[in-house]
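Enquirer: If you scroll down you'll find the structure; I have some questions about it.
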Amino acid sequence: MDIRAALAVHPASGHGAAGRASAAVAEKLRSAVDHLTMVEANSVEESRALMVRARDAGLDLLVVLGGDGSAHQGVQFCADHDVPLAVVPAGTGNDLVRALGFPMESLSAADALVEAIGAGRRRRIDLGRVGDEWFASVLCAGFDSAVNERVNRMRWPHGPRRYDLAIVAELAALRPKPLVLDTEDGRVELDATLVAVGNTAYYGGGIPVCPDADPADGLLDVTIVGKASRLDLVRILPSLRTGKHVNHPAVRTMRARRVSVGGDNGWVAYADGERVGPLPQAVECVPAALEIVG
């Protein structure tokens with residue numbers, strides 16, 4: 001079988017890790033495919049345009065080398081055009097790769113991908129859909145998305161400390177807000193601190209906010225942190241790393257095929273770490289929407 005693949009690289013991903021690994025990853029891929037096109041882009045618009053150009057030339061597989069933001073762009077293209085996707089991690093979070101059980105180091109992941117291509121190992125996974133946007137991991141709103149909003153407005157400091165300061169600032173401003181969720185099973189109304197709608201378990205660089213989410217069950221997992229004080233939230237946040245937050249009395253979980261997330265709260269939704277927009281937002285699970293190689 002003649003396999004035509006494109007390797008999409010966002011060189012800045014992972015503070016330059018994707019750019020540094022691209023030549024070695026490309027060399028490994030050339031041993032498994034017949035034709036490899038390099039797609040190197042520094043913006044979303046440029047990336048999508050180059051992916052479409054590669055598709056028009058004939059494309060059997062898109063390989064994304066980068067982080068979750070890069071993978072998110074690959075998901076948009078592959079779901080819209082029914083092109084199989086593979087992800088080689090080179091970002092800071094790599095939550096989609098983690099959820100799919102692939103190696104977390106770039107060259108090890110490339111080796112595993114070469115093996116999977118040779119074995120013809122493929123599977124379909126569900127995706128979340130919000131408006132015209134696909135997401136593979138988690139859509140969130142509330143405290144965590146407010147931290148993202150604040151980080152995006154900050155010009156100083158750089159690196160992880162920016163997130164630390166944003167968390168402290170948002171904790172100081174924390175007020176539970178009205179949340180309304182409509183699903184096929186009815187309406188839920190409560191005061192809440194955050195809500196996460198997960199196709200897969202992880203967001204934020206390995207936090208299993210929806211620990212039991214399965215991207216092949218046709219359902220979205222919903223985690224709600226209800227009315228919580230600053231002290232409650234400080235106690236809940238560390239348990240997010242283990243998934244044990246779901247045992248806290250302030251936390252509620254549910255599953256749904258479709259969920260409308262709203263309420264008079266002023267919250268902004270993020271999906272796969274990318275800004276979606278203010279609530280309300282209607283979210284649905286689209287079964288088997290994406291073919292994954294690996």
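Letters A, B, ... go to the chains of the structure tokens in the order shown; residues in each chain start at 1; ligands are counted from 1 in the same order.
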Using only C-alpha atoms, I'd like a table of the residues in range 149-198 of chain A that come within 6 Å of range 224-233 of chain A; for each, show the closest atom pair and its distance in Å rounded to one decimal, ordered by chain and ascending number, as CSV.
Expert:
residue,atom,partner,partner_atom,distance
A:Pro176,CA,A:Lys227,CA,5.5
A:Asp191,CA,A:Lys227,CA,5.3
A:Ala192,CA,A:Gly226,CA,3.9
A:Thr193,CA,A:Val225,CA,5.4
A:Leu194,CA,A:Val225,CA,5.3
A:Val195,CA,A:Ile224,CA,4.5
Enquirer: Store the residues picked out above, limited to N, CA, C and O atoms, as a PDB file, in the first residue's frame.
Expert:
ATOM      1  N   PRO A 176     -18.597  31.411  44.192  1.00  0.00           N
ATOM      2  CA  PRO A 176     -19.430  30.457  43.457  1.00  0.00           C
ATOM      3  C   PRO A 176     -20.484  31.189  42.634  1.00  0.00           C
ATOM      4  O   PRO A 176     -21.032  32.204  43.080  1.00  0.00           O
ATOM      5  N   ASP A 191     -25.145  26.375  42.548  1.00  0.00           N
ATOM      6  CA  ASP A 191     -24.006  27.288  42.594  1.00  0.00           C
ATOM      7  C   ASP A 191     -22.743  26.456  42.475  1.00  0.00           C
ATOM      8  O   ASP A 191     -22.599  25.413  43.150  1.00  0.00           O
ATOM      9  N   ALA A 192     -21.806  26.881  41.618  1.00  0.00           N
ATOM     10  CA  ALA A 192     -20.639  26.059  41.331  1.00  0.00           C
ATOM     11  C   ALA A 192     -19.387  26.903  41.216  1.00  0.00           C
ATOM     12  O   ALA A 192     -19.436  28.129  41.017  1.00  0.00           O
ATOM     13  N   THR A 193     -18.257  26.228  41.317  1.00  0.00           N
ATOM     14  CA  THR A 193     -16.948  26.854  41.192  1.00  0.00           C
ATOM     15  C   THR A 193     -16.323  26.571  39.837  1.00  0.00           C
ATOM     16  O   THR A 193     -15.636  27.414  39.273  1.00  0.00           O
ATOM     17  N   LEU A 194     -16.557  25.370  39.326  1.00  0.00           N
ATOM     18  CA  LEU A 194     -16.071  25.040  37.982  1.00  0.00           C
ATOM     19  C   LEU A 194     -16.844  23.845  37.445  1.00  0.00           C
ATOM     20  O   LEU A 194     -17.434  23.068  38.197  1.00  0.00           O
ATOM     21  N   VAL A 195     -16.809  23.696  36.119  1.00  0.00           N
ATOM     22  CA  VAL A 195     -17.398  22.546  35.452  1.00  0.00           C
ATOM     23  C   VAL A 195     -16.446  22.103  34.354  1.00  0.00           C
ATOM     24  O   VAL A 195     -15.838  22.937  33.667  1.00  0.00           O
TER      25      VAL A 195
END
Enquirer: I need the helix (DSSP H, G or I) residues of range 129-282 of chain A per DSSP on the backbone, written as a VMD selection string.
Expert: chain A and resid 143 to 153 160 to 172 230 to 240 244 to 247
Enquirer: Keeping only N, CA and C atoms, write those residues as an mmCIF file, in the first residue's frame.
Expert:
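File written: part_22.cif
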data_model
loop_
_atom_site.group_PDB
_atom_site.id
_atom_site.type_symbol
_atom_site.label_atom_id
_atom_site.label_comp_id
_atom_site.auth_asym_id
_atom_site.auth_seq_id
_atom_site.Cartn_x
_atom_site.Cartn_y
_atom_site.Cartn_z
ATOM 1 N N PHE A 143 -13.515 28.373 37.503
ATOM 2 C CA PHE A 143 -12.248 28.774 38.111
ATOM 3 C C PHE A 143 -11.061 28.533 37.181
ATOM 4 N N ASP A 144 -10.975 27.334 36.595
ATOM 5 C CA ASP A 144 -9.812 26.992 35.773
ATOM 6 C C ASP A 144 -9.747 27.832 34.500
ATOM 7 N N SER A 145 -10.891 28.062 33.869
ATOM 8 C CA SER A 145 -10.872 28.895 32.663
ATOM 9 C C SER A 145 -10.608 30.362 33.018
ATOM 10 N N ALA A 146 -11.024 30.796 34.226
ATOM 11 C CA ALA A 146 -10.706 32.154 34.668
ATOM 12 C C ALA A 146 -9.200 32.321 34.850
ATOM 13 N N VAL A 147 -8.535 31.266 35.325
ATOM 14 C CA VAL A 147 -7.074 31.295 35.426
ATOM 15 C C VAL A 147 -6.461 31.450 34.033
ATOM 16 N N ASN A 148 -6.966 30.692 33.055
ATOM 17 C CA ASN A 148 -6.484 30.823 31.674
ATOM 18 C C ASN A 148 -6.686 32.239 31.146
ATOM 19 N N GLU A 149 -7.868 32.801 31.389
ATOM 20 C CA GLU A 149 -8.164 34.157 30.926
ATOM 21 C C GLU A 149 -7.171 35.163 31.525
ATOM 22 N N ARG A 150 -6.909 35.024 32.814
ATOM 23 C CA ARG A 150 -6.002 35.960 33.482
ATOM 24 C C ARG A 150 -4.577 35.798 32.946
ATOM 25 N N VAL A 151 -4.145 34.544 32.766
ATOM 26 C CA VAL A 151 -2.802 34.294 32.228
ATOM 27 C C VAL A 151 -2.642 34.943 30.856
ATOM 28 N N ASN A 152 -3.675 34.838 30.027
ATOM 29 C CA ASN A 152 -3.603 35.410 28.678
ATOM 30 C C ASN A 152 -3.514 36.936 28.701
ATOM 31 N N ARG A 153 -4.000 37.554 29.775
ATOM 32 C CA ARG A 153 -3.933 39.020 29.885
ATOM 33 C C ARG A 153 -2.611 39.497 30.474
ATOM 34 N N PRO A 160 5.932 29.071 34.284
ATOM 35 C CA PRO A 160 4.934 28.537 35.226
ATOM 36 C C PRO A 160 4.524 29.532 36.307
ATOM 37 N N ARG A 161 5.424 30.459 36.677
ATOM 38 C CA ARG A 161 5.079 31.405 37.747
ATOM 39 C C ARG A 161 3.891 32.282 37.364
ATOM 40 N N ARG A 162 3.692 32.485 36.080
ATOM 41 C CA ARG A 162 2.538 33.259 35.630
ATOM 42 C C ARG A 162 1.247 32.558 36.061
ATOM 43 N N TYR A 163 1.213 31.226 35.921
ATOM 44 C CA TYR A 163 0.035 30.461 36.327
ATOM 45 C C TYR A 163 -0.135 30.496 37.843
ATOM 46 N N ASP A 164 0.979 30.415 38.574
ATOM 47 C CA ASP A 164 0.899 30.458 40.040
ATOM 48 C C ASP A 164 0.260 31.757 40.507
ATOM 49 N N LEU A 165 0.708 32.867 39.927
ATOM 50 C CA LEU A 165 0.159 34.164 40.318
ATOM 51 C C LEU A 165 -1.303 34.300 39.905
ATOM 52 N N ALA A 166 -1.644 33.754 38.735
ATOM 53 C CA ALA A 166 -3.035 33.812 38.276
ATOM 54 C C ALA A 166 -3.944 33.007 39.195
ATOM 55 N N ILE A 167 -3.477 31.848 39.661
ATOM 56 C CA ILE A 167 -4.265 31.015 40.578
ATOM 57 C C ILE A 167 -4.509 31.759 41.890
ATOM 58 N N VAL A 168 -3.466 32.386 42.415
ATOM 59 C CA VAL A 168 -3.612 33.143 43.664
ATOM 60 C C VAL A 168 -4.617 34.276 43.476
ATOM 61 N N ALA A 169 -4.513 35.000 42.365
ATOM 62 C CA ALA A 169 -5.421 36.117 42.106
ATOM 63 C C ALA A 169 -6.857 35.642 41.964
ATOM 64 N N GLU A 170 -7.062 34.525 41.265
ATOM 65 C CA GLU A 170 -8.426 34.018 41.078
ATOM 66 C C GLU A 170 -8.990 33.433 42.367
ATOM 67 N N LEU A 171 -8.136 32.846 43.208
ATOM 68 C CA LEU A 171 -8.606 32.379 44.518
ATOM 69 C C LEU A 171 -9.111 33.560 45.345
ATOM 70 N N ALA A 172 -8.392 34.681 45.276
ATOM 71 C CA ALA A 172 -8.804 35.866 46.034
ATOM 72 C C ALA A 172 -10.146 36.393 45.545
ATOM 73 N N ARG A 230 -12.817 29.166 49.541
ATOM 74 C CA ARG A 230 -11.424 29.182 49.121
ATOM 75 C C ARG A 230 -10.660 28.028 49.776
ATOM 76 N N LEU A 231 -10.940 27.781 51.053
ATOM 77 C CA LEU A 231 -10.259 26.698 51.762
ATOM 78 C C LEU A 231 -10.632 25.349 51.168
ATOM 79 N N ASP A 232 -11.917 25.154 50.844
ATOM 80 C CA ASP A 232 -12.346 23.912 50.202
ATOM 81 C C ASP A 232 -11.591 23.700 48.893
ATOM 82 N N LEU A 233 -11.501 24.763 48.095
ATOM 83 C CA LEU A 233 -10.859 24.632 46.789
ATOM 84 C C LEU A 233 -9.371 24.341 46.946
ATOM 85 N N VAL A 234 -8.736 24.983 47.919
ATOM 86 C CA VAL A 234 -7.315 24.705 48.189
ATOM 87 C C VAL A 234 -7.128 23.231 48.558
ATOM 88 N N ARG A 235 -8.111 22.661 49.254
ATOM 89 C CA ARG A 235 -8.028 21.242 49.628
ATOM 90 C C ARG A 235 -8.332 20.329 48.448
ATOM 91 N N ILE A 236 -9.236 20.760 47.557
ATOM 92 C CA ILE A 236 -9.618 19.928 46.417
ATOM 93 C C ILE A 236 -8.532 19.918 45.347
ATOM 94 N N LEU A 237 -7.886 21.059 45.115
ATOM 95 C CA LEU A 237 -6.948 21.176 44.000
ATOM 96 C C LEU A 237 -5.855 20.104 44.006
ATOM 97 N N PRO A 238 -5.183 19.808 45.155
ATOM 98 C CA PRO A 238 -4.151 18.768 45.113
ATOM 99 C C PRO A 238 -4.694 17.390 44.739
ATOM 100 N N SER A 239 -5.942 17.091 45.149
ATOM 101 C CA SER A 239 -6.506 15.768 44.847
ATOM 102 C C SER A 239 -6.877 15.622 43.383
ATOM 103 N N LEU A 240 -6.915 16.758 42.643
ATOM 104 C CA LEU A 240 -7.158 16.677 41.198
ATOM 105 C C LEU A 240 -6.081 15.859 40.508
ATOM 106 N N LYS A 244 -8.877 11.783 42.835
ATOM 107 C CA LYS A 244 -9.677 11.509 44.031
ATOM 108 C C LYS A 244 -10.586 12.669 44.415
ATOM 109 N N HIS A 245 -10.507 13.764 43.678
ATOM 110 C CA HIS A 245 -11.397 14.895 43.944
ATOM 111 C C HIS A 245 -12.859 14.512 43.798
ATOM 112 N N VAL A 246 -13.131 13.468 43.000
ATOM 113 C CA VAL A 246 -14.525 13.065 42.788
ATOM 114 C C VAL A 246 -15.165 12.526 44.060
ATOM 115 N N ASN A 247 -14.348 12.219 45.080
ATOM 116 C CA ASN A 247 -14.882 11.726 46.346
ATOM 117 C C ASN A 247 -15.225 12.851 47.319
#
Enquirer: How far is it from CA of Gly14 in chain A to CA of Thr92 in chain A, in Å with one decimal?
Expert: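 If I compute the distance from CA of Gly14 in chain A to CA of Thr92 in chain A, I get 5.2 Å.
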Enquirer: Going by DSSP on the backbone, which residues of range 95-233 of chain A come out as strand (DSSP E or B)? List them as a PyMOL selection string.
Expert: chain A and resi 122-130+133-135+138-142+177-183+186-198+203+207+220-226
Enquirer: Can I get the selection written as a JSON list (two decimals), in the first residue's frame, with C-alpha atoms?
Expert:
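Listed below is the output, result_7.json:
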[["chain", "number", "residue", "atom", "x", "y", "z"],
["A", 122, "ARG", "CA", -5.87, 2.04, 13.93],
["A", 123, "ARG", "CA", -8.89, 2.85, 16.07],
["A", 124, "ARG", "CA", -11.70, 5.37, 16.13],
["A", 125, "ILE", "CA", -12.39, 7.65, 19.06],
["A", 126, "ASP", "CA", -15.22, 10.00, 19.95],
["A", 127, "LEU", "CA", -14.83, 13.76, 19.87],
["A", 128, "GLY", "CA", -16.61, 16.58, 21.61],
["A", 129, "ARG", "CA", -18.27, 19.23, 19.45],
["A", 130, "VAL", "CA", -19.05, 22.79, 20.53],
["A", 133, "GLU", "CA", -15.17, 23.38, 16.91],
["A", 134, "TRP", "CA", -14.07, 19.84, 17.71],
["A", 135, "PHE", "CA", -12.26, 18.96, 20.93],
["A", 138, "VAL", "CA", -11.83, 18.57, 28.01],
["A", 139, "LEU", "CA", -14.04, 21.63, 27.82],
["A", 140, "CYS", "CA", -13.98, 23.64, 31.04],
["A", 141, "ALA", "CA", -15.49, 26.79, 32.51],
["A", 142, "GLY", "CA", -15.30, 28.51, 35.87],
["A", 177, "LYS", "CA", -21.71, 31.34, 40.54],
["A", 178, "PRO", "CA", -25.03, 29.96, 39.23],
["A", 179, "LEU", "CA", -24.56, 27.03, 36.85],
["A", 180, "VAL", "CA", -27.27, 25.43, 34.72],
["A", 181, "LEU", "CA", -26.70, 22.12, 32.93],
["A", 182, "ASP", "CA", -29.27, 20.64, 30.56],
["A", 183, "THR", "CA", -28.81, 17.03, 29.42],
["A", 186, "GLY", "CA", -32.98, 16.73, 32.68],
["A", 187, "ARG", "CA", -31.78, 19.99, 34.18],
["A", 188, "VAL", "CA", -29.29, 20.57, 37.01],
["A", 189, "GLU", "CA", -29.09, 23.99, 38.67],
["A", 190, "LEU", "CA", -26.62, 24.83, 41.43],
["A", 191, "ASP", "CA", -24.01, 27.29, 42.59],
["A", 192, "ALA", "CA", -20.64, 26.06, 41.33],
["A", 193, "THR", "CA", -16.95, 26.85, 41.19],
["A", 194, "LEU", "CA", -16.07, 25.04, 37.98],
["A", 195, "VAL", "CA", -17.40, 22.55, 35.45],
["A", 196, "ALA", "CA", -15.44, 20.22, 33.16],
["A", 197, "VAL", "CA", -16.92, 18.25, 30.26],
["A", 198, "GLY", "CA", -14.52, 15.49, 29.27],
["A", 203, "TYR", "CA", -6.35, 18.59, 31.05],
["A", 207, "ILE", "CA", -4.83, 16.51, 35.72],
["A", 220, "LEU", "CA", -19.16, 12.85, 27.81],
["A", 221, "ASP", "CA", -18.12, 12.80, 31.47],
["A", 222, "VAL", "CA", -19.07, 15.89, 33.46],
["A", 223, "THR", "CA", -17.32, 16.96, 36.68],
["A", 224, "ILE", "CA", -18.81, 19.80, 38.70],
["A", 225, "VAL", "CA", -17.19, 21.44, 41.72],
["A", 226, "GLY", "CA", -20.16, 22.92, 43.53]]
Enquirer: Using CA of Pro11 in chain A and CA of Val87 in chain A as the two end points, give the distance in Å to one decimal.
Expert: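 Separation of CA of Pro11 in chain A and CA of Val87 in chain A: 14.5 Å.
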Enquirer: Taking into account only C-alpha atoms, which residue in the set A:Tyr270, A:Leu65, A:Asp34, A:Leu59 is nearest to Ala21 in chain A?
Expert: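 Ranked by minimum distance to Ala21 in chain A, first place goes to A:Leu65.
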Enquirer: When distances are computed from only C-alpha atoms, which of A:Leu290, A:Val268, A:Cys285, A:Ala99 shows the smallest separation from Asp212 in chain A?
Expert: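 So, comparing all the options, the nearest one is A:Ala99.
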Enquirer: Please list as a list in words every residue within 9 Å of range 112-120 of chain A, counting only C-alpha atoms and excluding residues in the same chain fewer than 2 positions away.
Expert: Lys28, Leu29, Arg30, Ser31, Ala32, Val33, Ala86, Val87, Val88, Phe102, Pro103, Leu107, Ser108, Ala109, Ala110, Arg122, Val293 and Gly294 of chain A
Enquirer: Those selected residues, please, written with all heavy atoms and delivered as a CSV table (one decimal), in the first residue's frame.
Expert:
chain,number,residue,atom,x,y,z
A,28,LYS,N,12.6,8.9,11.1
A,28,LYS,CA,11.9,7.7,11.5
A,28,LYS,C,10.7,7.4,10.6
A,28,LYS,O,10.4,6.3,10.2
A,28,LYS,CB,11.6,7.7,13.0
A,28,LYS,CG,12.8,7.7,13.9
A,28,LYS,CD,12.3,7.9,15.4
A,28,LYS,CE,13.6,7.9,16.3
A,28,LYS,NZ,14.3,6.6,16.4
A,29,LEU,N,9.9,8.5,10.4
A,29,LEU,CA,8.6,8.3,9.7
A,29,LEU,C,8.9,7.8,8.2
A,29,LEU,O,8.1,7.1,7.6
A,29,LEU,CB,7.8,9.5,9.7
A,29,LEU,CG,7.1,9.9,11.0
A,29,LEU,CD1,6.4,11.2,10.9
A,29,LEU,CD2,6.0,8.8,11.3
A,30,ARG,N,10.0,8.3,7.6
A,30,ARG,CA,10.3,8.0,6.2
A,30,ARG,C,10.5,6.5,6.1
A,30,ARG,O,10.4,6.0,5.0
A,30,ARG,CB,11.5,8.8,5.7
A,30,ARG,CG,11.1,10.3,5.5
A,30,ARG,CD,12.2,11.0,4.7
A,30,ARG,NE,11.8,12.4,4.5
A,30,ARG,CZ,12.1,13.4,5.2
A,30,ARG,NH1,13.0,13.2,6.3
A,30,ARG,NH2,11.7,14.6,4.9
A,31,SER,N,10.9,5.8,7.2
A,31,SER,CA,11.1,4.3,7.1
A,31,SER,C,9.7,3.6,7.0
A,31,SER,O,9.7,2.4,6.7
A,31,SER,CB,11.9,3.9,8.3
A,31,SER,OG,11.1,3.9,9.5
A,32,ALA,N,8.6,4.3,7.3
A,32,ALA,CA,7.3,3.6,7.4
A,32,ALA,C,6.3,4.1,6.4
A,32,ALA,O,5.3,3.4,6.1
A,32,ALA,CB,6.7,3.8,8.8
A,33,VAL,N,6.6,5.2,5.7
A,33,VAL,CA,5.7,5.7,4.7
A,33,VAL,C,6.4,5.9,3.4
A,33,VAL,O,7.6,6.0,3.3
A,33,VAL,CB,5.0,7.1,5.2
A,33,VAL,CG1,4.3,6.9,6.5
A,33,VAL,CG2,6.0,8.2,5.2
A,86,ALA,N,-2.2,11.0,13.8
A,86,ALA,CA,-1.3,10.5,14.9
A,86,ALA,C,-0.6,11.7,15.5
A,86,ALA,O,-0.4,12.7,14.9
A,86,ALA,CB,-0.2,9.6,14.2
A,87,VAL,N,-0.3,11.6,16.8
A,87,VAL,CA,0.3,12.7,17.5
A,87,VAL,C,1.6,12.2,18.2
A,87,VAL,O,1.6,11.2,18.9
A,87,VAL,CB,-0.7,13.2,18.6
A,87,VAL,CG1,0.0,14.4,19.3
A,87,VAL,CG2,-2.0,13.7,18.0
A,88,VAL,N,2.7,12.9,17.9
A,88,VAL,CA,4.0,12.7,18.5
A,88,VAL,C,4.2,13.9,19.5
A,88,VAL,O,4.2,15.0,19.1
A,88,VAL,CB,5.1,12.7,17.5
A,88,VAL,CG1,6.5,12.6,18.2
A,88,VAL,CG2,4.9,11.5,16.6
A,102,PHE,N,-0.1,6.6,24.6
A,102,PHE,CA,1.1,6.6,23.8
A,102,PHE,C,2.3,7.1,24.6
A,102,PHE,O,2.1,7.7,25.6
A,102,PHE,CB,0.9,7.5,22.6
A,102,PHE,CG,-0.2,7.1,21.7
A,102,PHE,CD1,-0.8,8.0,20.9
A,102,PHE,CD2,-0.6,5.8,21.6
A,102,PHE,CE1,-1.9,7.7,20.0
A,102,PHE,CE2,-1.7,5.4,20.7
A,102,PHE,CZ,-2.3,6.4,20.0
A,103,PRO,N,3.5,6.7,24.2
A,103,PRO,CA,4.7,7.2,24.9
A,103,PRO,C,4.7,8.7,24.9
A,103,PRO,O,4.3,9.4,24.0
A,103,PRO,CB,5.9,6.7,24.0
A,103,PRO,CG,5.3,5.5,23.3
A,103,PRO,CD,3.8,5.8,23.0
A,107,LEU,N,10.8,10.8,20.6
A,107,LEU,CA,11.4,9.8,19.8
A,107,LEU,C,10.9,8.4,20.1
A,107,LEU,O,10.7,7.6,19.1
A,107,LEU,CB,12.9,9.8,19.9
A,107,LEU,CG,13.6,11.2,19.4
A,107,LEU,CD1,15.1,11.0,19.5
A,107,LEU,CD2,13.1,11.6,18.1
A,108,SER,N,10.6,8.2,21.3
A,108,SER,CA,9.9,6.9,21.7
A,108,SER,C,8.5,6.8,21.0
A,108,SER,O,8.1,5.7,20.5
A,108,SER,CB,9.8,6.7,23.2
A,108,SER,OG,11.0,6.7,23.8
A,109,ALA,N,7.8,7.9,21.0
A,109,ALA,CA,6.5,7.9,20.4
A,109,ALA,C,6.6,7.7,18.9
A,109,ALA,O,5.8,7.1,18.3
A,109,ALA,CB,5.8,9.3,20.7
A,110,ALA,N,7.6,8.3,18.3
A,110,ALA,CA,7.8,8.1,16.9
A,110,ALA,C,8.1,6.7,16.5
A,110,ALA,O,7.6,6.1,15.5
A,110,ALA,CB,9.0,9.1,16.4
A,122,ARG,N,-5.0,0.8,13.9
A,122,ARG,CA,-5.9,2.0,13.9
A,122,ARG,C,-7.1,1.8,14.8
A,122,ARG,O,-7.5,0.7,15.0
A,122,ARG,CB,-6.3,2.4,12.5
A,122,ARG,CG,-5.2,2.7,11.5
A,122,ARG,CD,-5.7,3.1,10.2
A,122,ARG,NE,-4.6,3.4,9.3
A,122,ARG,CZ,-4.7,4.2,8.2
A,122,ARG,NH1,-5.9,4.6,7.8
A,122,ARG,NH2,-3.7,4.5,7.5
A,293,VAL,N,-4.1,6.6,14.5
A,293,VAL,CA,-3.1,5.6,14.2
A,293,VAL,C,-2.2,5.4,15.4
A,293,VAL,O,-1.7,6.4,15.9
A,293,VAL,CB,-2.3,6.0,13.0
A,293,VAL,CG1,-1.2,4.9,12.7
A,293,VAL,CG2,-3.2,6.1,11.8
A,294,GLY,N,-2.1,4.2,15.9
A,294,GLY,CA,-1.3,4.0,17.1
A,294,GLY,C,-1.9,3.0,18.0
A,294,GLY,O,-3.0,2.5,17.8
Enquirer: Mind giving me the straight-line distance from CA of Gly204 in chain A to CA of Gly91 in chain A in Å, one decimal?
Expert: 11.8 Å
Enquirer: Between A:Val25, A:Val286, A:Val9, A:Leu36, which residue has the minimum interatomic distance to Gln73 in chain A, considering only C-alpha atoms?
Expert: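 Distance minimum relative to Gln73 in chain A lands on A:Val9.
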Enquirer: At a cut-off of 12 Å, using only C-alpha atoms, what residues contact Ala6 in chain A? Leave out same-chain residues fewer than 5 positions from it and give the result as a count of residues only.
Expert: 36
Enquirer: From the set A:His10, A:His248, A:Arg255, A:Arg4, which residue has the shortest atom-to-atom contact distance to Ser70 in chain A, counting only C-alpha atoms?
Expert: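 Closest to Ser70 in chain A, using only C-alpha atoms: A:His10.
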